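First comes the structure, then the notes that go with it.
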Amino acid sequence: MQALWRAFKTPYPRQFWLMFVGMFISTVGSSMIWPFLMIYISERLHLPLTSAAGLITLNAAVGLGASFIAGPIVDYLGRKWVMVISLVMNGMGYVLMSQAQSYSAFAGLMALQGFFNPLYRIGADAMMADLIPAEHRAEAYSMLRLSNNLGVAIGPAVGGFIASLSYSIAFLCAATGMSLYGLLIALRARETLPRRHGREAAGREAVDPLPRERFGGYGRVLRDRAFLAFVFTFTLTQISAAILWVLLSVYTKQNFGLPESRYGWIPTTNALMVVFFQIPVTLITKRFAPLPVLAIGSLFYASAVTSIAWGRDFWAFWLSMVVMTIGELILIPTSTTYVAGRAPEDMRGRYMSIYGLTWGVASGIGPVLGGLLNDHLGPQYIWYGGGLIGFMGVILFLVLSRVNPTTSPTYTTPESAPTQAEPEAALEREG
């Protein structure tokens, strides 16, 4: 609790606290519906698990394309209005989803949300990197996760009861929360797109935008081999996590009769653990090189997903989520801080865009893979397959930690970015 109190006393900018409050509001609403979305779709359309999971894959596939577009947009046009548009359009998508009656209607709405989802995430990650000095980023990203998980601590527990009575009300709550956050950003946030000061001319200082590549400009990111190796490995871990988050609710209901009102306490447990333990865990993990830390977090992920195959009741599934959350406490702030530190100032949107692809790829592959394993081999094989992929991520993170034993770089100017021939040489201790 002392670590949490110290984190709250850190003099973050006012806009950070705006994002902290807005994240809480939007997550309370959206988490009333997303843990139960697969149950809603599969029951409303009477679909097998593979077909329902295919909608998540469609959402993710569109999100992948949008992520490539979002990075240059965020770096070229700015963070603020990209975030606003994303939040409002996602809110509208939830309203329309409550009225959808056919597979094609759900497909269109999942594609709509898939397109707009990455815009907020990449914009917000880049805005945080703009606002927060490198030495405080690990704690700042942890604080934003704390806000998100405060919302999740409330949303699923309440949403489970609401969804058991009326999914329409749950969808409306999700739309309201996201739209309110969008309104806060529109009215109270300032643009943080970095600008550099030119030389003093005509008795005053000229201000010029940072030099940027052409609209697109992913060449420098794609030449960063160490970063691409990290992205591939992190994607394996995210596939394991996506299988759990997307399929666990429908798996427990179809195979063990666990209702939404009770299942909601499982994601709530995850959220409460993040609220109470994220800051203390981050203060420990930030002392070490990130790649071995990421391997440890991935080990918890893989172990948790595998253990679900042996569960038979609420408490077994709850315990698997506890193990999963320990991995999450270790993994997520470390990975985000690693990327924020590795990215040059004028390339943060693009780096965050590629980093954001890990969840898009994972949520595109994981649920469908789990559905295929369920429909062709049996329900338990969802978790054996997901766990195996997670353990592959552990091994690769360990290999990367031997190849690149130092930590992530902290770039202060675009010129300090590593070249293709020397990405590892530019690495230095983050934080």
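As shown in the structure tokens, the chain order sets the letters A, B, ...; within each chain, residues go from 1, and ligands are also counted from 1 in the order they appear.
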### Message
According to DSSP computed on the backbone, where in stretch 94-219 of chain A is there strand (DSSP E)? Give the residues as number ranges by chain.
### Response
A: 195-201, 204-209
### Message
Give me, as a PyMOL selection string, all polymer residues having an atom no more than 12 Å from A:Ser142, counting only C-alpha atoms and skipping those fewer than 5 positions away in the same chain.
### Response
chain A and resi 3-4+7-8+20+128+136-137+147-149+274-283+285-286+328-337
### Message
Using DSSP secondary structure from the backbone, list all alpha helix (DSSP H) positions within stretch 171-410 of chain A, as number ranges by chain.
### Response
A: 171-188, 219-222, 225-256, 260-263, 265-285, 290-307, 314-342, 348-376, 381-403
### Task
Would you list the contacts of stretch 38-46 of chain A as a list in words, taking every protein, DNA or RNA residue within 8 Å and counting only C-alpha atoms, but skipping same-chain residues closer than 3 positions in sequence?
Pro35, Leu49, Ala52, Ala53, Gln101, Ser102, Tyr103, Tyr167, Val246, Leu247, Ser249 and Val250 of chain A
Quick one: write out the picked residues with N, CA and C atoms as a PDB file, in the first residue's frame?
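Listed below is the output, result_15.pdb:
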ATOM      1  N   PRO A  35     -16.750  -9.583 -21.344  1.00  0.00           N
ATOM      2  CA  PRO A  35     -16.484 -10.955 -20.899  1.00  0.00           C
ATOM      3  C   PRO A  35     -17.557 -11.949 -21.334  1.00  0.00           C
ATOM      4  N   LEU A  49     -18.825 -23.110 -31.582  1.00  0.00           N
ATOM      5  CA  LEU A  49     -17.810 -22.232 -31.033  1.00  0.00           C
ATOM      6  C   LEU A  49     -16.858 -21.699 -32.104  1.00  0.00           C
ATOM      7  N   ALA A  52     -18.557 -18.739 -33.939  1.00  0.00           N
ATOM      8  CA  ALA A  52     -18.621 -17.546 -33.096  1.00  0.00           C
ATOM      9  C   ALA A  52     -17.242 -16.924 -32.933  1.00  0.00           C
ATOM     10  N   ALA A  53     -16.235 -17.765 -32.730  1.00  0.00           N
ATOM     11  CA  ALA A  53     -14.872 -17.251 -32.588  1.00  0.00           C
ATOM     12  C   ALA A  53     -14.376 -16.625 -33.882  1.00  0.00           C
ATOM     13  N   GLN A 101     -29.274  -8.970 -35.493  1.00  0.00           N
ATOM     14  CA  GLN A 101     -30.074 -10.192 -35.514  1.00  0.00           C
ATOM     15  C   GLN A 101     -29.462 -11.292 -36.371  1.00  0.00           C
ATOM     16  N   SER A 102     -28.425 -10.988 -37.152  1.00  0.00           N
ATOM     17  CA  SER A 102     -27.889 -11.964 -38.090  1.00  0.00           C
ATOM     18  C   SER A 102     -26.372 -12.022 -37.999  1.00  0.00           C
ATOM     19  N   TYR A 103     -25.812 -13.077 -38.556  1.00  0.00           N
ATOM     20  CA  TYR A 103     -24.365 -13.241 -38.554  1.00  0.00           C
ATOM     21  C   TYR A 103     -23.696 -12.117 -39.330  1.00  0.00           C
ATOM     22  N   TYR A 167     -29.288  -8.123 -21.891  1.00  0.00           N
ATOM     23  CA  TYR A 167     -28.051  -7.773 -22.585  1.00  0.00           C
ATOM     24  C   TYR A 167     -28.143  -6.379 -23.197  1.00  0.00           C
ATOM     25  N   VAL A 246     -11.120 -14.879 -24.342  1.00  0.00           N
ATOM     26  CA  VAL A 246     -12.261 -14.944 -25.252  1.00  0.00           C
ATOM     27  C   VAL A 246     -13.124 -16.174 -25.002  1.00  0.00           C
ATOM     28  N   LEU A 247     -12.503 -17.314 -24.698  1.00  0.00           N
ATOM     29  CA  LEU A 247     -13.241 -18.575 -24.682  1.00  0.00           C
ATOM     30  C   LEU A 247     -13.599 -19.100 -23.297  1.00  0.00           C
ATOM     31  N   SER A 249     -15.322 -17.918 -20.746  1.00  0.00           N
ATOM     32  CA  SER A 249     -16.708 -17.747 -20.291  1.00  0.00           C
ATOM     33  C   SER A 249     -17.648 -18.741 -20.962  1.00  0.00           C
ATOM     34  N   VAL A 250     -17.528 -18.893 -22.276  1.00  0.00           N
ATOM     35  CA  VAL A 250     -18.423 -19.816 -22.980  1.00  0.00           C
ATOM     36  C   VAL A 250     -18.054 -21.269 -22.666  1.00  0.00           C
TER      37      VAL A 250
END
### Query
Got a sec: who's within 10 Å of A:Tyr355, counting only C-alpha atoms, leaving out chain neighbours fewer than 3 positions off, as number ranges by chain?
A: 67, 122, 227-228, 230-232, 234-235, 335-336, 339-340, 349-352, 358-360
#### Entry: 12 Å contact set for A:Arg14, only C-alpha atoms, chain neighbours under 2 positions out, as JSON, numbers by chain
{"A": [10, 11, 12, 16, 17, 18, 19, 20, 21, 128, 131, 132, 188, 189, 190]}
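One distance worth recording is that between atom CA of A:Tyr94 and atom CA of A:Phe171, which is 5.5 Å.
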#### Entry: All residues 7 Å or closer to stretch 72-77 of chain A, only C-alpha atoms, same chain fewer than 2 positions away omitted, as a ChimeraX atom specification
/A:69-70,79,82,123,215-216,346-347,349-350
Please, could you write that set of residues out with N, CA and C atoms as a PDB file, in the first residue's frame?
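Printed below is part-v7.pdb as written:
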ATOM      1  N   ILE A  69      -2.418   1.699 -40.271  1.00  0.00           N
ATOM      2  CA  ILE A  69      -2.849   3.048 -40.622  1.00  0.00           C
ATOM      3  C   ILE A  69      -2.742   3.970 -39.411  1.00  0.00           C
ATOM      4  N   ALA A  70      -3.089   3.447 -38.235  1.00  0.00           N
ATOM      5  CA  ALA A  70      -3.168   4.281 -37.037  1.00  0.00           C
ATOM      6  C   ALA A  70      -1.823   4.851 -36.632  1.00  0.00           C
ATOM      7  N   ARG A  79      -2.504  12.854 -31.473  1.00  0.00           N
ATOM      8  CA  ARG A  79      -3.079  11.790 -30.653  1.00  0.00           C
ATOM      9  C   ARG A  79      -4.547  12.039 -30.287  1.00  0.00           C
ATOM     10  N   VAL A  82      -7.742  11.409 -32.760  1.00  0.00           N
ATOM     11  CA  VAL A  82      -7.768   9.987 -33.105  1.00  0.00           C
ATOM     12  C   VAL A  82      -8.387   9.188 -31.957  1.00  0.00           C
ATOM     13  N   GLY A 123      -2.969   5.764 -29.938  1.00  0.00           N
ATOM     14  CA  GLY A 123      -2.944   7.173 -29.568  1.00  0.00           C
ATOM     15  C   GLY A 123      -2.664   7.367 -28.089  1.00  0.00           C
ATOM     16  N   PHE A 215       4.236   9.628 -45.065  1.00  0.00           N
ATOM     17  CA  PHE A 215       3.090   8.999 -44.406  1.00  0.00           C
ATOM     18  C   PHE A 215       3.170   7.490 -44.606  1.00  0.00           C
ATOM     19  N   GLY A 216       3.353   6.777 -43.565  1.00  0.00           N
ATOM     20  CA  GLY A 216       3.648   5.345 -43.614  1.00  0.00           C
ATOM     21  C   GLY A 216       4.869   5.122 -42.749  1.00  0.00           C
ATOM     22  N   ASP A 346       9.967  10.590 -32.566  1.00  0.00           N
ATOM     23  CA  ASP A 346       9.098  10.841 -33.716  1.00  0.00           C
ATOM     24  C   ASP A 346       8.526   9.569 -34.320  1.00  0.00           C
ATOM     25  N   MET A 347       8.800   8.410 -33.689  1.00  0.00           N
ATOM     26  CA  MET A 347       8.312   7.132 -34.215  1.00  0.00           C
ATOM     27  C   MET A 347       7.468   6.384 -33.187  1.00  0.00           C
ATOM     28  N   GLY A 349       4.311   6.475 -32.345  1.00  0.00           N
ATOM     29  CA  GLY A 349       3.051   5.938 -32.835  1.00  0.00           C
ATOM     30  C   GLY A 349       3.252   4.671 -33.642  1.00  0.00           C
ATOM     31  N   ARG A 350       4.298   4.654 -34.485  1.00  0.00           N
ATOM     32  CA  ARG A 350       4.549   3.486 -35.310  1.00  0.00           C
ATOM     33  C   ARG A 350       5.015   2.294 -34.474  1.00  0.00           C
TER      34      ARG A 350
END
### For stretch 309-325 of chain A: contacts at 8 Å, only C-alpha atoms, fewer than 3 positions along chain excluded, given as a ChimeraX atom specification
/A:256,258,263,266-267,269-270,273-274,300-301,303-306,328-329,380-384
### Query
A:Val28, A:Leu172, A:Leu55, A:Leu47: which is nearest A:Gly91, counting only C-alpha atoms?
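Closest to A:Gly91 of all the choices is A:Leu172.
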### Using only C-alpha atoms: which of A:Ile326, A:Ile56, A:Val62, A:Leu372 has the shortest distance to A:Gly385
A:Leu372
### Message
Counting only C-alpha atoms, which residue out of A:Ala138, A:Met23, A:Leu37, A:Ala66 sits closest to A:Ala124?
### Response
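Closest to A:Ala124 of all the choices is A:Met23.
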### Task
Would you mind telling me which residue in A:Ile308, A:Ile395, A:Met110, A:Leu58 lies nearest to A:Leu244 when using only C-alpha atoms?
A:Ile308
### Message
Using Å and a single decimal, report how far atom CA of A:Phe36 sits from atom CA of A:Pro156.
### Response
8.6 Å
### Task
Would you mind telling me which residue in A:Leu180, A:Ile25, A:Ile389, A:Leu144 lies nearest to A:Gly366 when using only C-alpha atoms?
A:Ile389
